[in-house]
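Contents: one structure, followed by commentary.
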Amino acid sequence: MEARVSAASGSSHPWSPPRDASDIVKAIHAMLHPRNIVVVGATDKPGNYAERIWNNLVKYGFEGGLYPVNAKREAIWGVPCYKDFGSLPEKPDHVLVLVPARFAVQVIRDAAAAGARSATIVTSGFSELQDEESQKLAAELQQAVRETGLAVTGPNCLGNLSAGEKLFTNIDDRIVTMEQGAVAIAGQSGAIVMAIRQALEDRGVGVGYMVTTGNEAGLETPDLMRYFAEDPSIKVIVVYLEGVRNTKAFRDACKAARAASKPVIALKLGSSEGGRAAAMAHTGALAGSIETFDAVATREGVIRVRGLDELIETTECFVHAAMPQGDRLAAVTLSGGKRGMLIDAFYAAGLNFAPLSPHVSGELAKMLGPGSIVGNPLDAGFAAVVDPSVYMKSIELMIDDPDIDIVIVDSELPKAPHELRERNLRIVNEMASRASKPVIYISAMSIGFSEFTKSLRKSVPHLAVMQGMDRAVTAIKSLLDYAKLRKEVPDIVSSSKPAARAVLEKTLKSATGAALDEVASKKLLKAYGIPVSKEAIVQTSAGAVKIARQIGFPVVAKVVSAEILHKSDIGGVVLNLSSATEVKKAFADITARVKKLEGRPKLDGILIAQQVKADLELVAGASLDAEMGPVVLFGTGGIDIELMKDVALAGAPLDEAEARLLIGRTKAGIKMRGYRGKPALHETSAVKALVGLSNLIADAGDRIASIDVNPFLINARTGVAVDALIVLNNAAAKRAAGH
């Protein structure tokens, strides 16, 4: 064959970024819609990556120019081979780098100088290795990418797919359907991204773009998300994330996708290594990176899945199901047993089937007779088995009912053509095409797709076809949750006052230990509007008695030491002190216990505090996650906090509305609003505390690792922080955490 030189095929693509699009979006468009592709490192050694990528470009008919470059060859793969960029018949546009790592940096610089706009570095041997030379090469590559401005994926990646351009710069030798599908995939693992693409293809779901980002020396996954959010051919964005390097870029990309009504379905791996200092507080221990990822990302419309199977089912659901107007479910089956399975599976996910309207119930009762269960889910029974038109009419009644938002049909896909089930499927697809609600087929088991079912599935585009009851239910719940989100995600900024920020700066400037003691912590909390108990620190037993009388009995005595993080563990808290004698004894006992501790921690004094009568013990806190930034935590507190784990998280800062939503996601929140006839508790004080904590952790930047308010005591009239621990993000904290 001959190397082909032709006009760019991008003209057949209906969309190009507008003039006011970001530079990143324009750069990615150039990468996925290039005028030509240059393969640097062309070699015909059997089975090598360069040859496999070249064969894919030829096989799928990329219509731009294709040029191999190798200074030692005059011809390769039956076409002329060029010694360098200067000898090409036109200036390079997209460059595939397959030379050894030590040469890759210079190739990037030379490509940019020759006029290239983008590159994919397949070569490995950079930051994925731990030796000094590889790390140095990685740094040099990042610098070259920044200085040249090229749109670069990789290194250590496996290439990309742009179906509309018939571009497949990937090593995969499995068959690819080159159609501009509604799904775009990006991720750091080439093998996983390729497996996702293949699985979706097997399900008849078209993939318009697939980008493997590798080590992400240049473009990162959030950059691709921004591009996919703007390209109107894409409906669903799928990402595989090993880590989030730039929280702001990720959140901005999520917001762009949400504004475009495009769900982001994410498979996220890894736990935070940076949270160990924060884990010295309860809040840090409870806020793992997956939980903090969910807290931040869910607000912006990200659906996190727990595995590849769930990812495929959820993607299938969002591609083919219309967005529901509400959560009123209805289902049709032909089996009492299947009816029970549907009820159990949806109930376990917190979903229920809506009561049928009198009209629909009446019509079904007239048609079905004995052997049926006229309800929701509907067991259409013997009448529908004997007469398929009755079955179809039952489904039609559900679809036409304005009081139902989603219709589910329990049925296996036909395995061969001309089965009755195929005819029924096509009839329901036609009904769904006219409906203003999603219609979803669920196979109770994951039975796999045959070649026939693949083509059949493509011929019924108005139905979501789900495999496996549990995964289908999870996907439908994600669809319902997504439909309830706000389209525009507002930016919430810290609402703290200058005076509060001044106290923060003064406190952090004077801090030397791993954590602030309770007195300093509470002083800072109070500055941020967080209600705290009446209290004072004392140095003598006489002083303790004096303060106790001023506050009013009963009181609490607590050890104050920046070196003792968990006071209860060493007997440093004594409750229910109702007299001067009891206060004196508590003072003496705590002092004696501290003197016996290993390392002789410094005792700063004893805190005498108001003992608040609590109807409920809460925990409120904030933590700085290594990946996702600041988050706020709320839930059931007290000594059983780790056992209960009734907590919810949200990104910080937050406003009053977001704080109330956070409270409502916990069992503690249910109790606060009045449970089983008990009076409602003082929610306003908890809201005030959460907003204040969120402002504090946000204002602190990276200087505070975690804030732990446990317990926050609440009753019907008030709520106060009675204990607080602020762990700093400094060298002392890292030493204490074992870094």
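Labeling convention for the structure tokens: chains A, B, ... as they appear, residues from 1 per chain, ligands from 1 in order of appearance.
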### Message
Can you tell me, as JSON, numbers by chain, which residues in segment 143-338 of chain A count as alpha helix (DSSP H) by DSSP?
### Response
{"A": [143, 144, 145, 146, 147, 148, 190, 191, 192, 193, 194, 195, 196, 197, 198, 199, 200, 201, 202, 221, 222, 223, 224, 225, 226, 227, 228, 229, 230, 247, 248, 249, 250, 251, 252, 253, 254, 255, 256, 257, 258, 259, 282, 283, 284, 285, 286, 289, 290, 291, 292, 293, 294, 295, 296, 297, 308, 309, 310, 311, 312, 313, 314, 315, 316, 317, 318, 319, 320, 336, 337, 338]}
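Taking segment 177-296 of chain A and asking which residues DSSP calls strand (DSSP E) on the backbone, you get A:Val183, A:Ala184, A:Ile185, A:Ala186, A:Gly187, A:Val207, A:Gly208, A:Tyr209, A:Met210, A:Val211, A:Thr212, A:Val236, A:Ile237, A:Val238, A:Val239, A:Tyr240, A:Leu241, A:Val264, A:Ile265, A:Ala266, A:Leu267, A:Lys268.
Each of A:Leu633, A:Ile442, A:Val145, A:Leu725 was checked against Val560 of chain A using only C-alpha atoms; the smallest atom-to-atom distance is that of A:Leu725.
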### Task
Give me the residues within 12 Å of Glu310 of chain A as a ChimeraX atom specification, counting only C-alpha atoms and dropping any in the same chain fewer than 6 places off.
/A:196,199-200,265-267,303-304,316-317,446,466-476,478
Okay, now the selection with N, CA, C and O atoms, as a PDB file, in the first residue's frame?
```pdb
ATOM      1  N   ILE A 196     -13.640  -2.158  29.140  1.00  0.00           N
ATOM      2  CA  ILE A 196     -14.940  -1.478  29.209  1.00  0.00           C
ATOM      3  C   ILE A 196     -15.499  -1.268  27.802  1.00  0.00           C
ATOM      4  O   ILE A 196     -16.679  -1.533  27.537  1.00  0.00           O
ATOM      5  N   ALA A 199     -16.727  -4.597  26.418  1.00  0.00           N
ATOM      6  CA  ALA A 199     -17.967  -5.060  27.052  1.00  0.00           C
ATOM      7  C   ALA A 199     -19.170  -4.252  26.575  1.00  0.00           C
ATOM      8  O   ALA A 199     -20.252  -4.808  26.338  1.00  0.00           O
ATOM      9  N   LEU A 200     -18.995  -2.950  26.423  1.00  0.00           N
ATOM     10  CA  LEU A 200     -20.101  -2.130  25.912  1.00  0.00           C
ATOM     11  C   LEU A 200     -20.421  -2.495  24.477  1.00  0.00           C
ATOM     12  O   LEU A 200     -21.595  -2.555  24.083  1.00  0.00           O
ATOM     13  N   ILE A 265     -19.987   8.341  34.977  1.00  0.00           N
ATOM     14  CA  ILE A 265     -19.985   7.052  35.670  1.00  0.00           C
ATOM     15  C   ILE A 265     -18.530   6.696  35.946  1.00  0.00           C
ATOM     16  O   ILE A 265     -17.735   6.549  35.020  1.00  0.00           O
ATOM     17  N   ALA A 266     -18.181   6.590  37.232  1.00  0.00           N
ATOM     18  CA  ALA A 266     -16.772   6.471  37.618  1.00  0.00           C
ATOM     19  C   ALA A 266     -16.497   5.176  38.353  1.00  0.00           C
ATOM     20  O   ALA A 266     -17.220   4.809  39.292  1.00  0.00           O
ATOM     21  N   LEU A 267     -15.438   4.494  37.915  1.00  0.00           N
ATOM     22  CA  LEU A 267     -14.873   3.386  38.673  1.00  0.00           C
ATOM     23  C   LEU A 267     -13.616   3.933  39.336  1.00  0.00           C
ATOM     24  O   LEU A 267     -12.660   4.311  38.664  1.00  0.00           O
ATOM     25  N   ILE A 303     -21.623   9.251  39.328  1.00  0.00           N
ATOM     26  CA  ILE A 303     -22.157   7.986  39.820  1.00  0.00           C
ATOM     27  C   ILE A 303     -20.980   7.038  39.971  1.00  0.00           C
ATOM     28  O   ILE A 303     -20.378   6.619  38.979  1.00  0.00           O
ATOM     29  N   ARG A 304     -20.610   6.725  41.231  1.00  0.00           N
ATOM     30  CA  ARG A 304     -19.490   5.800  41.429  1.00  0.00           C
ATOM     31  C   ARG A 304     -19.995   4.372  41.472  1.00  0.00           C
ATOM     32  O   ARG A 304     -20.881   4.045  42.247  1.00  0.00           O
ATOM     33  N   GLU A 316     -25.377   1.221  30.341  1.00  0.00           N
ATOM     34  CA  GLU A 316     -26.498   0.785  29.497  1.00  0.00           C
ATOM     35  C   GLU A 316     -27.775   1.515  29.888  1.00  0.00           C
ATOM     36  O   GLU A 316     -28.523   2.010  29.035  1.00  0.00           O
ATOM     37  N   CYS A 317     -28.024   1.628  31.187  1.00  0.00           N
ATOM     38  CA  CYS A 317     -29.248   2.258  31.672  1.00  0.00           C
ATOM     39  C   CYS A 317     -29.296   3.733  31.279  1.00  0.00           C
ATOM     40  O   CYS A 317     -30.304   4.220  30.751  1.00  0.00           O
ATOM     41  N   SER A 446     -27.761 -12.799  34.749  1.00  0.00           N
ATOM     42  CA  SER A 446     -26.828 -12.317  33.739  1.00  0.00           C
ATOM     43  C   SER A 446     -26.476 -13.496  32.846  1.00  0.00           C
ATOM     44  O   SER A 446     -25.668 -14.351  33.211  1.00  0.00           O
ATOM     45  N   MET A 466     -31.317  -4.654  30.716  1.00  0.00           N
ATOM     46  CA  MET A 466     -30.444  -4.886  31.860  1.00  0.00           C
ATOM     47  C   MET A 466     -30.272  -6.380  32.113  1.00  0.00           C
ATOM     48  O   MET A 466     -31.212  -7.162  31.961  1.00  0.00           O
ATOM     49  N   GLN A 467     -29.061  -6.755  32.550  1.00  0.00           N
ATOM     50  CA  GLN A 467     -28.739  -8.147  32.823  1.00  0.00           C
ATOM     51  C   GLN A 467     -28.368  -8.315  34.294  1.00  0.00           C
ATOM     52  O   GLN A 467     -27.371  -7.751  34.760  1.00  0.00           O
ATOM     53  N   GLY A 468     -29.154  -9.090  35.034  1.00  0.00           N
ATOM     54  CA  GLY A 468     -28.883  -9.319  36.450  1.00  0.00           C
ATOM     55  C   GLY A 468     -29.705  -8.389  37.318  1.00  0.00           C
ATOM     56  O   GLY A 468     -29.567  -7.174  37.240  1.00  0.00           O
ATOM     57  N   MET A 469     -30.547  -8.961  38.172  1.00  0.00           N
ATOM     58  CA  MET A 469     -31.492  -8.175  38.955  1.00  0.00           C
ATOM     59  C   MET A 469     -30.798  -7.149  39.856  1.00  0.00           C
ATOM     60  O   MET A 469     -31.148  -5.964  39.864  1.00  0.00           O
ATOM     61  N   ASP A 470     -29.795  -7.592  40.614  1.00  0.00           N
ATOM     62  CA  ASP A 470     -29.172  -6.692  41.589  1.00  0.00           C
ATOM     63  C   ASP A 470     -28.496  -5.510  40.901  1.00  0.00           C
ATOM     64  O   ASP A 470     -28.635  -4.362  41.334  1.00  0.00           O
ATOM     65  N   ARG A 471     -27.748  -5.779  39.835  1.00  0.00           N
ATOM     66  CA  ARG A 471     -27.064  -4.686  39.142  1.00  0.00           C
ATOM     67  C   ARG A 471     -28.060  -3.763  38.452  1.00  0.00           C
ATOM     68  O   ARG A 471     -27.853  -2.551  38.372  1.00  0.00           O
ATOM     69  N   ALA A 472     -29.151  -4.335  37.960  1.00  0.00           N
ATOM     70  CA  ALA A 472     -30.184  -3.509  37.325  1.00  0.00           C
ATOM     71  C   ALA A 472     -30.812  -2.559  38.337  1.00  0.00           C
ATOM     72  O   ALA A 472     -31.029  -1.379  38.056  1.00  0.00           O
ATOM     73  N   VAL A 473     -31.095  -3.078  39.527  1.00  0.00           N
ATOM     74  CA  VAL A 473     -31.693  -2.238  40.566  1.00  0.00           C
ATOM     75  C   VAL A 473     -30.738  -1.109  40.949  1.00  0.00           C
ATOM     76  O   VAL A 473     -31.142   0.055  41.099  1.00  0.00           O
ATOM     77  N   THR A 474     -29.454  -1.428  41.091  1.00  0.00           N
ATOM     78  CA  THR A 474     -28.457  -0.407  41.423  1.00  0.00           C
ATOM     79  C   THR A 474     -28.416   0.676  40.350  1.00  0.00           C
ATOM     80  O   THR A 474     -28.344   1.878  40.652  1.00  0.00           O
ATOM     81  N   ALA A 475     -28.453   0.262  39.076  1.00  0.00           N
ATOM     82  CA  ALA A 475     -28.412   1.228  37.973  1.00  0.00           C
ATOM     83  C   ALA A 475     -29.658   2.109  37.961  1.00  0.00           C
ATOM     84  O   ALA A 475     -29.576   3.328  37.739  1.00  0.00           O
ATOM     85  N   ILE A 476     -30.816   1.520  38.206  1.00  0.00           N
ATOM     86  CA  ILE A 476     -32.064   2.289  38.221  1.00  0.00           C
ATOM     87  C   ILE A 476     -32.058   3.286  39.382  1.00  0.00           C
ATOM     88  O   ILE A 476     -32.499   4.434  39.240  1.00  0.00           O
ATOM     89  N   SER A 478     -29.413   4.680  40.615  1.00  0.00           N
ATOM     90  CA  SER A 478     -28.512   5.757  40.185  1.00  0.00           C
ATOM     91  C   SER A 478     -29.223   6.703  39.229  1.00  0.00           C
ATOM     92  O   SER A 478     -29.039   7.920  39.291  1.00  0.00           O
TER      93      SER A 478
END
```
With a distance cut-off of 9 Å and only C-alpha atoms, select the neighbouring residues of Glu518 of chain A, excluding the residue or stretch itself and same-chain residues fewer than 4 positions from it, and output the selection as an mmCIF file with N, CA, C and O atoms, in the first residue's frame.
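What ended up in result-v8.cif:
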```cif
data_model
loop_
_atom_site.group_PDB
_atom_site.id
_atom_site.type_symbol
_atom_site.label_atom_id
_atom_site.label_comp_id
_atom_site.auth_asym_id
_atom_site.auth_seq_id
_atom_site.Cartn_x
_atom_site.Cartn_y
_atom_site.Cartn_z
ATOM 1 N N LYS A 522 -11.442 25.089 71.121
ATOM 2 C CA LYS A 522 -12.770 25.663 71.328
ATOM 3 C C LYS A 522 -12.793 27.169 71.094
ATOM 4 O O LYS A 522 -13.793 27.724 70.623
ATOM 5 N N LYS A 523 -11.695 27.825 71.420
ATOM 6 C CA LYS A 523 -11.617 29.262 71.158
ATOM 7 C C LYS A 523 -11.754 29.528 69.660
ATOM 8 O O LYS A 523 -12.456 30.461 69.233
ATOM 9 N N VAL A 559 -8.870 16.776 81.368
ATOM 10 C CA VAL A 559 -7.468 17.082 81.239
ATOM 11 C C VAL A 559 -7.255 17.988 80.024
ATOM 12 O O VAL A 559 -7.935 17.848 79.001
ATOM 13 N N VAL A 560 -6.315 18.936 80.136
ATOM 14 C CA VAL A 560 -5.952 19.803 79.020
ATOM 15 C C VAL A 560 -4.469 19.591 78.724
ATOM 16 O O VAL A 560 -3.608 19.915 79.555
ATOM 17 N N SER A 561 -4.202 18.996 77.560
ATOM 18 C CA SER A 561 -2.818 18.766 77.139
ATOM 19 C C SER A 561 -2.808 18.544 75.634
ATOM 20 O O SER A 561 -3.556 17.694 75.128
ATOM 21 N N ALA A 562 -1.986 19.303 74.938
ATOM 22 C CA ALA A 562 -1.873 19.125 73.486
ATOM 23 C C ALA A 562 -1.267 17.779 73.144
ATOM 24 O O ALA A 562 -1.370 17.312 72.007
ATOM 25 N N LEU A 607 -9.753 21.477 82.776
ATOM 26 C CA LEU A 607 -10.890 22.252 82.273
ATOM 27 C C LEU A 607 -12.127 21.902 83.085
ATOM 28 O O LEU A 607 -12.485 20.721 83.202
ATOM 29 N N ASP A 723 -16.542 18.940 73.460
ATOM 30 C CA ASP A 723 -15.170 18.468 73.316
ATOM 31 C C ASP A 723 -14.723 18.770 71.890
ATOM 32 O O ASP A 723 -15.535 18.720 70.952
ATOM 33 N N ALA A 724 -13.455 19.071 71.728
ATOM 34 C CA ALA A 724 -12.952 19.414 70.400
ATOM 35 C C ALA A 724 -11.480 19.061 70.299
ATOM 36 O O ALA A 724 -10.728 19.195 71.271
ATOM 37 N N LEU A 725 -11.092 18.600 69.126
ATOM 38 C CA LEU A 725 -9.691 18.294 68.839
ATOM 39 C C LEU A 725 -9.386 18.767 67.420
ATOM 40 O O LEU A 725 -10.058 18.344 66.470
ATOM 41 N N ILE A 726 -8.414 19.631 67.282
ATOM 42 C CA ILE A 726 -7.983 20.100 65.965
ATOM 43 C C ILE A 726 -6.562 19.593 65.731
ATOM 44 O O ILE A 726 -5.624 19.972 66.445
#
```
### Task
For each of A:Arg52, A:Lys262, A:Arg174, A:Arg593, take the minimum atom-to-atom distance to Lys567 of chain A, counting only C-alpha atoms, then give the residue where this is smallest.
A:Arg593
## Note on the structure
Students should find that atom CA of Leu728 of chain A and atom CA of Thr512 of chain A are spaced 9.3 Å
